[in-house]
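Peer 1: Okay, so here is target-v8.pdb, and as you'll see once you scroll down, it has PDB, C-alpha atoms, pLDDT in the B column.
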```pdb
MODEL        1
ATOM      1  CA  MET A   1     -87.596  30.988  63.023  1.00 66.00           C
ATOM      2  CA  ALA A   2     -87.737  27.652  61.279  1.00 91.00           C
ATOM      3  CA  ASP A   3     -84.845  25.236  61.379  1.00 96.00           C
ATOM      4  CA  THR A   4     -83.166  24.024  58.210  1.00 97.00           C
ATOM      5  CA  TYR A   5     -82.350  20.308  58.128  1.00 98.00           C
ATOM      6  CA  THR A   6     -79.622  18.900  55.903  1.00 98.00           C
ATOM      7  CA  TRP A   7     -79.164  15.172  55.379  1.00 98.00           C
ATOM      8  CA  LYS A   8     -75.800  14.011  53.995  1.00 98.00           C
ATOM      9  CA  ILE A   9     -74.240  10.640  53.312  1.00 98.00           C
ATOM     10  CA  SER A  10     -70.645  10.471  54.527  1.00 98.00           C
ATOM     11  CA  THR A  11     -69.832   7.038  53.092  1.00 98.00           C
ATOM     12  CA  LEU A  12     -71.361   3.804  51.832  1.00 98.00           C
ATOM     13  CA  ASN A  13     -70.308   0.202  52.427  1.00 98.00           C
ATOM     14  CA  ARG A  14     -70.776  -2.080  49.429  1.00 97.00           C
ATOM     15  CA  VAL A  15     -70.145  -5.530  48.032  1.00 97.00           C
ATOM     16  CA  ILE A  16     -67.559  -5.042  45.280  1.00 97.00           C
ATOM     17  CA  ALA A  17     -68.740  -7.932  43.114  1.00 96.00           C
ATOM     18  CA  THR A  18     -72.384  -6.788  42.889  1.00 96.00           C
ATOM     19  CA  GLY A  19     -72.238  -3.101  43.777  1.00 96.00           C
ATOM     20  CA  GLY A  20     -74.854  -3.750  46.441  1.00 97.00           C
ATOM     21  CA  ILE A  21     -74.853  -1.174  49.218  1.00 98.00           C
ATOM     22  CA  TYR A  22     -75.329  -2.688  52.654  1.00 98.00           C
ATOM     23  CA  VAL A  23     -74.635   0.292  54.973  1.00 98.00           C
ATOM     24  CA  ALA A  24     -75.139   4.038  54.586  1.00 98.00           C
ATOM     25  CA  HIS A  25     -73.427   6.323  57.111  1.00 98.00           C
ATOM     26  CA  TRP A  26     -75.414   9.535  57.418  1.00 98.00           C
ATOM     27  CA  ASN A  27     -75.248  12.958  59.045  1.00 98.00           C
ATOM     28  CA  LEU A  28     -78.235  15.110  59.898  1.00 98.00           C
ATOM     29  CA  ASN A  29     -77.561  18.770  60.631  1.00 98.00           C
ATOM     30  CA  ALA A  30     -79.938  21.493  61.709  1.00 98.00           C
ATOM     31  CA  SER A  31     -79.370  25.235  61.702  1.00 98.00           C
ATOM     32  CA  ARG A  32     -81.356  28.269  62.763  1.00 97.00           C
ATOM     33  CA  ASN A  33     -80.574  31.945  62.168  1.00 95.00           C
ATOM     34  CA  VAL A  34     -81.685  34.121  65.064  1.00 94.00           C
ATOM     35  CA  PRO A  35     -81.657  37.947  65.033  1.00 90.00           C
ATOM     36  CA  VAL A  36     -79.244  39.473  67.540  1.00 89.00           C
ATOM     37  CA  VAL A  37     -81.314  41.809  69.703  1.00 87.00           C
ATOM     38  CA  GLY A  38     -80.089  45.398  69.674  1.00 86.00           C
ATOM     39  CA  SER A  39     -77.504  44.952  66.936  1.00 83.00           C
ATOM     40  CA  ASP A  40     -77.029  47.887  64.598  1.00 86.00           C
ATOM     41  CA  PRO A  41     -76.762  47.124  61.775  1.00 87.00           C
ATOM     42  CA  PRO A  42     -79.047  44.081  62.230  1.00 86.00           C
ATOM     43  CA  GLU A  43     -77.126  40.840  62.635  1.00 93.00           C
ATOM     44  CA  THR A  44     -78.043  37.210  63.023  1.00 93.00           C
ATOM     45  CA  LYS A  45     -76.412  34.385  64.937  1.00 95.00           C
ATOM     46  CA  THR A  46     -76.528  30.855  63.530  1.00 97.00           C
ATOM     47  CA  TYR A  47     -77.130  27.978  65.941  1.00 97.00           C
ATOM     48  CA  THR A  48     -76.413  24.420  64.812  1.00 98.00           C
ATOM     49  CA  ALA A  49     -76.882  20.861  66.015  1.00 98.00           C
ATOM     50  CA  GLY A  50     -76.007  17.546  64.427  1.00 98.00           C
ATOM     51  CA  SER A  51     -76.548  13.819  64.554  1.00 97.00           C
ATOM     52  CA  TYR A  52     -74.781  10.837  62.993  1.00 98.00           C
ATOM     53  CA  GLY A  53     -75.938   7.314  62.325  1.00 98.00           C
ATOM     54  CA  SER A  54     -75.684   4.335  60.047  1.00 98.00           C
ATOM     55  CA  GLN A  55     -78.400   2.334  58.376  1.00 98.00           C
ATOM     56  CA  SER A  56     -78.060  -1.260  57.195  1.00 98.00           C
ATOM     57  CA  PHE A  57     -79.628  -2.654  54.041  1.00 96.00           C
ATOM     58  CA  THR A  58     -79.897  -6.072  52.417  1.00 96.00           C
ATOM     59  CA  PRO A  59     -79.061  -5.499  48.757  1.00 95.00           C
ATOM     60  CA  ASP A  60     -80.636  -7.884  46.256  1.00 96.00           C
ATOM     61  CA  PRO A  61     -79.130  -7.634  42.762  1.00 95.00           C
ATOM     62  CA  SER A  62     -82.041  -9.709  41.389  1.00 96.00           C
ATOM     63  CA  ASP A  63     -84.585  -7.073  42.483  1.00 96.00           C
ATOM     64  CA  PRO A  64     -85.777  -5.033  39.487  1.00 96.00           C
ATOM     65  CA  ASN A  65     -85.372  -1.851  41.589  1.00 94.00           C
ATOM     66  CA  PHE A  66     -81.755  -2.656  42.521  1.00 96.00           C
ATOM     67  CA  VAL A  67     -79.397   0.276  41.970  1.00 96.00           C
ATOM     68  CA  PRO A  68     -75.697  -0.623  41.890  1.00 94.00           C
ATOM     69  CA  TYR A  69     -73.120   1.489  43.703  1.00 97.00           C
ATOM     70  CA  ALA A  70     -71.831   3.155  40.520  1.00 96.00           C
ATOM     71  CA  SER A  71     -75.317   4.478  39.711  1.00 97.00           C
ATOM     72  CA  VAL A  72     -76.406   5.607  43.173  1.00 97.00           C
ATOM     73  CA  THR A  73     -76.822   9.317  43.885  1.00 98.00           C
ATOM     74  CA  GLU A  74     -76.670  10.893  47.306  1.00 98.00           C
ATOM     75  CA  ALA A  75     -80.385  11.666  46.947  1.00 98.00           C
ATOM     76  CA  ASP A  76     -81.034   7.930  46.406  1.00 97.00           C
ATOM     77  CA  ALA A  77     -79.073   6.967  49.512  1.00 98.00           C
ATOM     78  CA  ILE A  78     -80.776   9.630  51.652  1.00 98.00           C
ATOM     79  CA  ALA A  79     -84.190   8.426  50.459  1.00 98.00           C
ATOM     80  CA  TRP A  80     -83.255   4.836  51.361  1.00 97.00           C
ATOM     81  CA  VAL A  81     -82.073   5.886  54.821  1.00 98.00           C
ATOM     82  CA  LYS A  82     -85.224   7.892  55.502  1.00 98.00           C
ATOM     83  CA  ALA A  83     -87.454   5.071  54.239  1.00 98.00           C
ATOM     84  CA  ALA A  84     -85.632   2.535  56.424  1.00 98.00           C
ATOM     85  CA  LEU A  85     -85.865   4.793  59.486  1.00 98.00           C
ATOM     86  CA  GLY A  86     -89.528   5.583  58.882  1.00 98.00           C
ATOM     87  CA  THR A  87     -91.341   8.894  58.970  1.00 98.00           C
ATOM     88  CA  ASP A  88     -91.826   8.900  62.748  1.00 98.00           C
ATOM     89  CA  THR A  89     -88.116   8.344  63.435  1.00 98.00           C
ATOM     90  CA  VAL A  90     -87.028  10.951  60.887  1.00 98.00           C
ATOM     91  CA  THR A  91     -89.428  13.447  62.476  1.00 98.00           C
ATOM     92  CA  ALA A  92     -88.168  12.545  65.966  1.00 98.00           C
ATOM     93  CA  LYS A  93     -84.513  12.977  64.957  1.00 98.00           C
ATOM     94  CA  GLU A  94     -85.230  16.391  63.443  1.00 98.00           C
ATOM     95  CA  ALA A  95     -87.284  17.385  66.505  1.00 97.00           C
ATOM     96  CA  GLY A  96     -84.387  16.338  68.746  1.00 98.00           C
ATOM     97  CA  LEU A  97     -82.056  18.688  66.905  1.00 98.00           C
ATOM     98  CA  THR A  98     -84.622  21.480  67.166  1.00 98.00           C
ATOM     99  CA  LYS A  99     -84.763  20.880  70.946  1.00 97.00           C
ATOM    100  CA  ASN A 100     -80.956  21.018  71.069  1.00 97.00           C
ATOM    101  CA  ILE A 101     -80.960  24.406  69.318  1.00 98.00           C
ATOM    102  CA  ASP A 102     -83.767  25.638  71.608  1.00 96.00           C
ATOM    103  CA  LEU A 103     -81.586  24.769  74.603  1.00 97.00           C
ATOM    104  CA  GLN A 104     -78.579  26.549  73.121  1.00 96.00           C
ATOM    105  CA  ILE A 105     -80.671  29.699  72.775  1.00 94.00           C
ATOM    106  CA  ASN A 106     -82.434  29.339  76.152  1.00 94.00           C
ATOM    107  CA  PRO A 107     -80.306  27.092  78.369  1.00 94.00           C
ATOM    108  CA  VAL A 108     -81.806  25.476  81.461  1.00 95.00           C
ATOM    109  CA  ASP A 109     -78.595  23.950  82.856  1.00 93.00           C
ATOM    110  CA  ALA A 110     -75.124  25.287  83.509  1.00 93.00           C
ATOM    111  CA  THR A 111     -71.770  24.014  84.754  1.00 94.00           C
ATOM    112  CA  GLY A 112     -68.991  25.697  86.649  1.00 95.00           C
ATOM    113  CA  VAL A 113     -67.883  26.684  90.099  1.00 97.00           C
ATOM    114  CA  PRO A 114     -68.928  29.790  92.057  1.00 95.00           C
ATOM    115  CA  TRP A 115     -65.403  30.974  92.946  1.00 95.00           C
TER
ENDMDL
END
```
Show how you would write the structure in this file as structure tokens.
Peer 2:
Amino acid sequence: MADTYTWKISTLNRVIATGGIYVAHWNLNASRNVPVVGSDPPETKTYTAGSYGSQSFTPDPSDPNFVPYASVTEADAIAWVKAALGTDTVTAKEAGLTKNIDLQINPVDATGVPW
């Protein structure tokens, strides 16, 4: 089954005087619904994994594309974060969460004691 990725912005740091955003704190979550074998009626189990980071920016109020804090949407901030990270890094972060979920479903390591 395919994983679902959800990008969210938890908070933004800004310059009050200009409304320029200089840091976006983001969360990336992945989830996958997996059928539970032998369940009757059919059930699914949801596996999840998450990542957190922050991305710095250099706001320039003189730039014609400048968007002040009061006008920014979450979609804007997510797009800025992804653009700053770059396609390869975004893909790698999502792939890392997929690997995490794979290991939850099919673990290769364990902890404990034998007694």
Peer 1: Can you tell me how far atom CA of A:His25 sits from atom CA of A:Tyr52, in Å to one decimal?
Peer 2: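 Taking atom CA of A:His25 as the start and atom CA of A:Tyr52 as the end point, the length is 7.5 Å.
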Peer 1: Using the chain letters and residue numbers of this document, give as a VMD selection string the residues selected by the PyMOL selection byres ((chain A and resi 51) around 12).
Peer 2: chain A and resid 5 to 9 25 to 30 48 to 50 52 to 54 90 92 to 98 100
Peer 1: Atom CA of A:Gln104 and atom CA of A:Tyr47 are how many Å apart?
Peer 2: 7.5 Å
Peer 1: Got a sec: who's within 8 Å of stretch 58-68 of chain A, counting only C-alpha atoms, leaving out chain neighbours fewer than 2 positions off, as a list in words?
Peer 2: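 Near neighbours after the sequence-gap exclusion: Thr18, Gly19, Gly20, Ile21, Tyr22, Ser56, Ala70, Ser71 and Val72 of chain A.
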Peer 1: What does the structure give for the distance between atom CA of A:Ile101 and atom CA of A:Thr89, in Å to one decimal?
Peer 2: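 Value for the atom CA of A:Ile101-atom CA of A:Thr89 distance: 18.5 Å.
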Peer 1: If you apply the PyMOL selection byres ((chain A and resi 46) around 8) to this file, what residues do you get, as number ranges by chain?
Peer 2: A: 31-34, 44-45, 47-48
Peer 1: Between A:Ala24, A:Asp40, A:Gly112, A:Asp102, which residue has the minimum interatomic distance to A:Lys82, considering only C-alpha atoms?
Peer 2: A:Ala24
Peer 1: Decode the PyMOL selection byres ((chain A and resi 12) around 6) for the given file into explicit residues and return them as number ranges by chain.
Peer 2: A: 11, 13, 23-24
Peer 1: Padding 6 Å on every side, please: axis-aligned box over the listed atoms of stretch 68-73 of chain A, centre and edge lengths to one decimal in Å, as AutoDock Vina command-line options.
Peer 2:
```
--center_x -74.3 --center_y 4.3 --center_z 41.8 --size_x 17.0 --size_y 21.9 --size_z 16.2
```
